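Structure below is input.cif: mmCIF, C-alpha atoms.
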```cif
data_my_file
#
loop_
_atom_site.label_atom_id
_atom_site.label_comp_id
_atom_site.auth_asym_id
_atom_site.auth_seq_id
_atom_site.Cartn_x
_atom_site.Cartn_y
_atom_site.Cartn_z
CA MET T 1 -28.02 71.32 14.65
CA SER T 2 -27.07 72.53 18.12
CA THR T 3 -26.86 69.96 20.92
CA ALA T 4 -26.92 72.55 23.70
CA GLY T 5 -29.43 71.58 26.34
CA SER T 6 -29.76 68.05 25.00
CA GLY T 7 -28.53 66.42 28.20
CA GLY T 8 -30.60 63.30 27.56
CA ARG T 9 -28.22 62.32 24.77
CA ARG T 10 -25.04 63.13 26.64
CA ARG T 11 -23.21 60.98 29.11
CA ALA T 12 -20.74 61.88 31.86
CA ARG T 13 -18.69 60.43 34.70
CA VAL T 14 -18.87 61.81 38.23
CA SER T 15 -16.21 61.34 40.91
CA ARG T 16 -15.78 62.47 44.48
CA LEU T 17 -12.73 62.17 46.69
CA VAL T 18 -12.82 61.81 50.47
CA SER T 19 -9.92 61.38 52.90
CA PHE T 20 -9.90 59.37 56.09
CA SER T 21 -7.30 58.36 58.64
CA ALA T 22 -7.20 54.85 60.03
CA SER T 23 -4.79 52.43 61.61
CA HIS T 24 -4.43 48.69 61.11
CA ARG T 25 -2.09 45.73 61.32
CA LEU T 26 -1.47 43.49 58.34
CA HIS T 27 -1.75 40.03 59.86
CA SER T 28 -3.34 36.80 58.68
CA ASN T 29 -4.49 34.31 61.30
CA SER T 30 -3.85 31.61 58.70
CA LEU T 31 -0.11 32.26 58.92
CA SER T 32 2.41 31.90 61.72
CA ASN T 33 3.87 35.00 63.36
CA GLU T 34 7.11 34.37 61.45
CA GLU T 35 5.27 34.04 58.13
CA ASN T 36 3.29 37.20 58.80
CA LEU T 37 6.45 39.14 59.62
CA LYS T 38 8.16 37.85 56.48
CA LEU T 39 5.15 38.65 54.27
CA PHE T 40 4.04 42.00 55.73
CA GLY T 41 7.30 43.30 57.24
CA LYS T 42 6.95 46.46 59.34
CA CYS T 43 3.22 46.59 58.49
CA ASN T 44 2.85 43.55 60.79
CA ASN T 45 3.83 45.64 63.84
CA PRO T 46 1.77 44.19 66.73
CA ASN T 47 0.63 47.72 67.65
CA GLY T 48 -0.36 48.54 64.08
CA HIS T 49 0.41 51.55 61.92
CA GLY T 50 -1.66 54.25 60.25
CA HIS T 51 -2.45 55.84 56.91
CA ASN T 52 -4.16 58.93 55.62
CA TYR T 53 -6.25 57.19 52.98
CA LYS T 54 -8.00 58.84 50.07
CA GLY T 55 -11.09 57.14 48.72
CA LYS T 56 -12.42 57.99 45.31
CA ARG T 57 -15.80 56.84 44.20
CA LYS T 58 -16.76 57.06 40.60
CA ALA T 59 -20.18 57.00 39.07
CA ASP T 60 -18.38 55.85 36.03
CA THR T 61 -20.91 53.90 34.03
CA ILE T 62 -20.95 56.75 31.53
CA THR T 63 -24.36 57.55 32.93
CA LYS T 64 -26.78 59.71 31.01
CA ILE T 65 -27.01 63.31 32.03
CA ASP T 66 -30.52 64.00 33.19
CA PRO T 67 -31.99 66.54 30.76
CA VAL T 68 -34.02 68.21 33.53
CA THR T 69 -31.36 68.54 36.24
CA GLY T 70 -28.30 68.57 34.00
CA MET T 71 -26.62 66.10 36.38
CA VAL T 72 -25.60 62.46 36.42
CA MET T 73 -26.10 62.54 40.18
CA ASN T 74 -26.59 65.20 42.81
CA LEU T 75 -23.14 65.73 44.35
CA THR T 76 -24.70 66.69 47.69
CA GLU T 77 -26.34 63.26 47.81
CA LEU T 78 -23.09 61.60 46.75
CA LYS T 79 -21.27 63.39 49.57
CA LYS T 80 -23.88 62.13 52.05
CA TYR T 81 -23.57 58.55 50.75
CA MET T 82 -19.78 58.67 51.02
CA GLU T 83 -19.92 60.01 54.55
CA GLU T 84 -22.23 57.14 55.51
CA ALA T 85 -20.33 54.39 53.65
CA ILE T 86 -16.74 55.52 54.22
CA LEU T 87 -16.17 58.24 56.80
CA LYS T 88 -18.49 57.11 59.59
CA PRO T 89 -17.26 53.53 59.72
CA LEU T 90 -13.56 54.09 58.87
CA ASP T 91 -12.32 57.56 59.78
CA HIS T 92 -10.11 57.65 62.89
CA LYS T 93 -10.69 53.96 63.53
CA ASN T 94 -8.49 50.95 64.04
CA LEU T 95 -9.76 48.85 61.15
CA ASP T 96 -8.95 45.56 62.86
CA LEU T 97 -10.55 46.44 66.20
CA ASP T 98 -13.33 48.90 65.37
CA VAL T 99 -14.73 47.64 62.04
CA PRO T 100 -16.45 44.23 62.33
CA TYR T 101 -15.89 43.50 58.61
CA PHE T 102 -12.16 43.16 59.25
CA THR T 103 -12.50 40.65 62.08
CA GLY T 104 -11.90 37.78 59.66
CA VAL T 105 -10.46 39.75 56.73
CA VAL T 106 -6.89 41.07 56.49
CA SER T 107 -7.14 44.87 56.38
CA THR T 108 -5.15 45.35 53.17
CA THR T 109 -5.96 48.29 50.94
CA GLU T 110 -7.50 45.80 48.50
CA ASN T 111 -9.95 44.69 51.18
CA VAL T 112 -10.61 48.30 52.23
CA ALA T 113 -11.61 48.98 48.61
CA VAL T 114 -13.96 45.97 48.63
CA TYR T 115 -15.47 47.16 51.92
CA ILE T 116 -16.08 50.63 50.50
CA TRP T 117 -17.59 49.15 47.32
CA GLU T 118 -19.98 46.96 49.30
CA ASN T 119 -21.07 49.84 51.53
CA LEU T 120 -21.61 52.23 48.62
CA GLN T 121 -23.51 49.61 46.60
CA LYS T 122 -26.12 49.50 49.38
CA LEU T 123 -26.73 53.27 49.17
CA LEU T 124 -26.33 54.27 45.52
CA PRO T 125 -28.86 53.76 42.76
CA VAL T 126 -28.39 50.43 40.96
CA GLY T 127 -25.85 50.53 38.16
CA VAL T 128 -24.29 53.87 39.08
CA LEU T 129 -21.16 52.63 40.87
CA TYR T 130 -18.42 51.67 38.44
CA LYS T 131 -15.25 51.65 40.51
CA VAL T 132 -13.71 52.55 43.82
CA LYS T 133 -10.14 53.82 43.99
CA VAL T 134 -8.32 53.84 47.33
CA TYR T 135 -5.00 55.60 47.82
CA GLU T 136 -3.12 54.12 50.77
CA THR T 137 -0.24 56.45 49.89
CA ASP T 138 0.53 58.56 46.84
CA ASN T 139 2.34 55.52 45.43
CA ASN T 140 0.07 52.65 46.59
CA ILE T 141 -3.33 52.70 44.92
CA VAL T 142 -6.01 50.02 44.57
CA VAL T 143 -8.86 50.09 42.05
CA TYR T 144 -11.82 47.78 42.62
CA LYS T 145 -14.71 47.33 40.19
CA GLY T 146 -16.88 44.88 42.10
CA GLU T 147 -15.27 41.85 40.50
#
```
Translate this file's structure into structure tokens.
Amino acid sequence: MSTAGSGGRRRARVSRLVSFSASHRLHSNSLSNEENLKLFGKCNNPNGHGHNYKGKRKADTITKIDPVTGMVMNLTELKKYMEEAILKPLDHKNLDLDVPYFTGVVSTTENVAVYIWENLQKLLPVGVLYKVKVYETDNNIVVYKGE
């Protein structure tokens, strides 16, 4: 029996990658200046430093493909959600000065991933978001699954 056109029985994962540039300073107010410098090194520069981040959002719950649309999710809508949750608040910003979330939270890539997760969760249909992957560099990558 052919399964062509039987999207209701098939499942897929959908991902979208966006890039944004932001600056920050790794610094914890719970530590002394000496402790911060020892822990974060050059990333504790008082004037900050920048990254060209890549944020990847996955609708990775192995969601059913809608038999009518043939999609897990409309990628145009996903793009709009990612612009709202990631690009508008983070792109070309100083995370520590321009993003209220980071006022009391050290702006590590781990916390950037949590921030993106929380923003996307507010916009996406319930149960669609599985993980957020943030590339600080090609070698430094954080995956967050809402845990």
Exercise for the section: For CA of Asp91 in chain T and CA of Phe20 in chain T, quote the distance in Å rounded to one decimal. Expected result: 4.8 Å
Handout entry: Between CA of Thr103 in chain T and CA of Glu147 in chain T - distance in Å to one decimal
Key =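 Answer for the CA of Glu147 in chain T to CA of Thr103 in chain T separation: 21.8 Å.
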Exercise for the section: Could you tell me which of T:Leu90, T:Val132, T:Val72, T:Ala12 comes closest to Ala113 in chain T if we count all atoms listed in the file? Expected result: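 Checking each of T:Leu90, T:Val132, T:Val72, T:Ala12 against Ala113 in chain T, counting all atoms listed in the file, the winner is T:Val132.
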Problem - Residues within 10 Å of Asn52 in chain T, all atoms listed in the file, excluding chain neighbours under 4 positions, as a ChimeraX atom specification - result: /T:19-23,91-92,135-138
Exercise for the section: In the coordinate frame of the file, compute which residues have an atom within 8 Å of (-9.4, 53.5, 38.6) when using only C-alpha atoms, and state them as a PyMOL selection string. Expected result: chain T and resi 131-133+142-144
Handout entry: Which residue of T:Leu129, T:Asn111, T:Arg13, T:Lys42 approaches Asp96 in chain T most closely, using only C-alpha atoms
Key = T:Asn111
Practice task
Quote the spacing between CA of Leu75 in chain T and CA of Leu124 in chain T in Å to one decimal place.
Solution key: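 Computing it gives 12.0 Å between the two atoms.
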Practice task
Considering all atoms listed in the file, return as a ChimeraX atom specification whatever protein or nucleic-acid residues lie within 12 Å of Glu84 in chain T, sequence-local ones (same chain, fewer than 4 positions apart) excluded.
Solution key: /T:18,77-80,88-91,116,119-124
Exercise for the section: Please write the residues picked by the PyMOL selection byres ((chain T and resi 44) around 12) on this file as a PyMOL selection string. Expected result: chain T and resi 23-29+31-43+45-50+106-108
Selection from above, C-alpha atoms, as a short mmCIF file (atom, residue, chain, number, x, y, z; two decimals), keeping the file's coordinate frame, can you write it?
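Contents of out-v3.cif, freshly written:
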```cif
data_model
loop_
_atom_site.label_atom_id
_atom_site.label_comp_id
_atom_site.auth_asym_id
_atom_site.auth_seq_id
_atom_site.Cartn_x
_atom_site.Cartn_y
_atom_site.Cartn_z
CA SER T 23 -4.79 52.43 61.61
CA HIS T 24 -4.43 48.69 61.11
CA ARG T 25 -2.09 45.73 61.32
CA LEU T 26 -1.47 43.49 58.34
CA HIS T 27 -1.75 40.03 59.86
CA SER T 28 -3.34 36.80 58.68
CA ASN T 29 -4.49 34.31 61.30
CA LEU T 31 -0.11 32.26 58.92
CA SER T 32 2.41 31.90 61.72
CA ASN T 33 3.87 35.00 63.36
CA GLU T 34 7.11 34.37 61.45
CA GLU T 35 5.27 34.04 58.13
CA ASN T 36 3.29 37.20 58.80
CA LEU T 37 6.45 39.14 59.62
CA LYS T 38 8.16 37.85 56.48
CA LEU T 39 5.15 38.65 54.27
CA PHE T 40 4.04 42.00 55.73
CA GLY T 41 7.30 43.30 57.24
CA LYS T 42 6.95 46.46 59.34
CA CYS T 43 3.22 46.59 58.49
CA ASN T 45 3.83 45.64 63.84
CA PRO T 46 1.77 44.19 66.73
CA ASN T 47 0.63 47.72 67.65
CA GLY T 48 -0.36 48.54 64.08
CA HIS T 49 0.41 51.55 61.92
CA GLY T 50 -1.66 54.25 60.25
CA VAL T 106 -6.89 41.07 56.49
CA SER T 107 -7.14 44.87 56.38
CA THR T 108 -5.15 45.35 53.17
#
```
Exercise for the section: Between T:Leu95, T:Val105, T:Leu87, T:Val128, single out the one closest to Lys54 in chain T, counting all atoms listed in the file. Expected result: T:Leu87
Would you compute an axis-aligned box for range 89-100 of chain T, covering every atom listed for it in the file with 6 Å of margin on each side, and report centre and edge lengths in Å to one decimal as lines of an AutoDock Vina configuration file?
```
center_x = -12.9
center_y = 50.9
center_z = 62.5
size_x = 20.8
size_y = 25.4
size_z = 19.3
```
Exercise for the section: Return the single residue from T:Thr109, T:Asn94, T:Asn140, T:Asn74 that is closest to Val14 in chain T, with distances computed using all atoms listed in the file. Expected result: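 Closest residue, counting all atoms listed in the file: T:Asn74.
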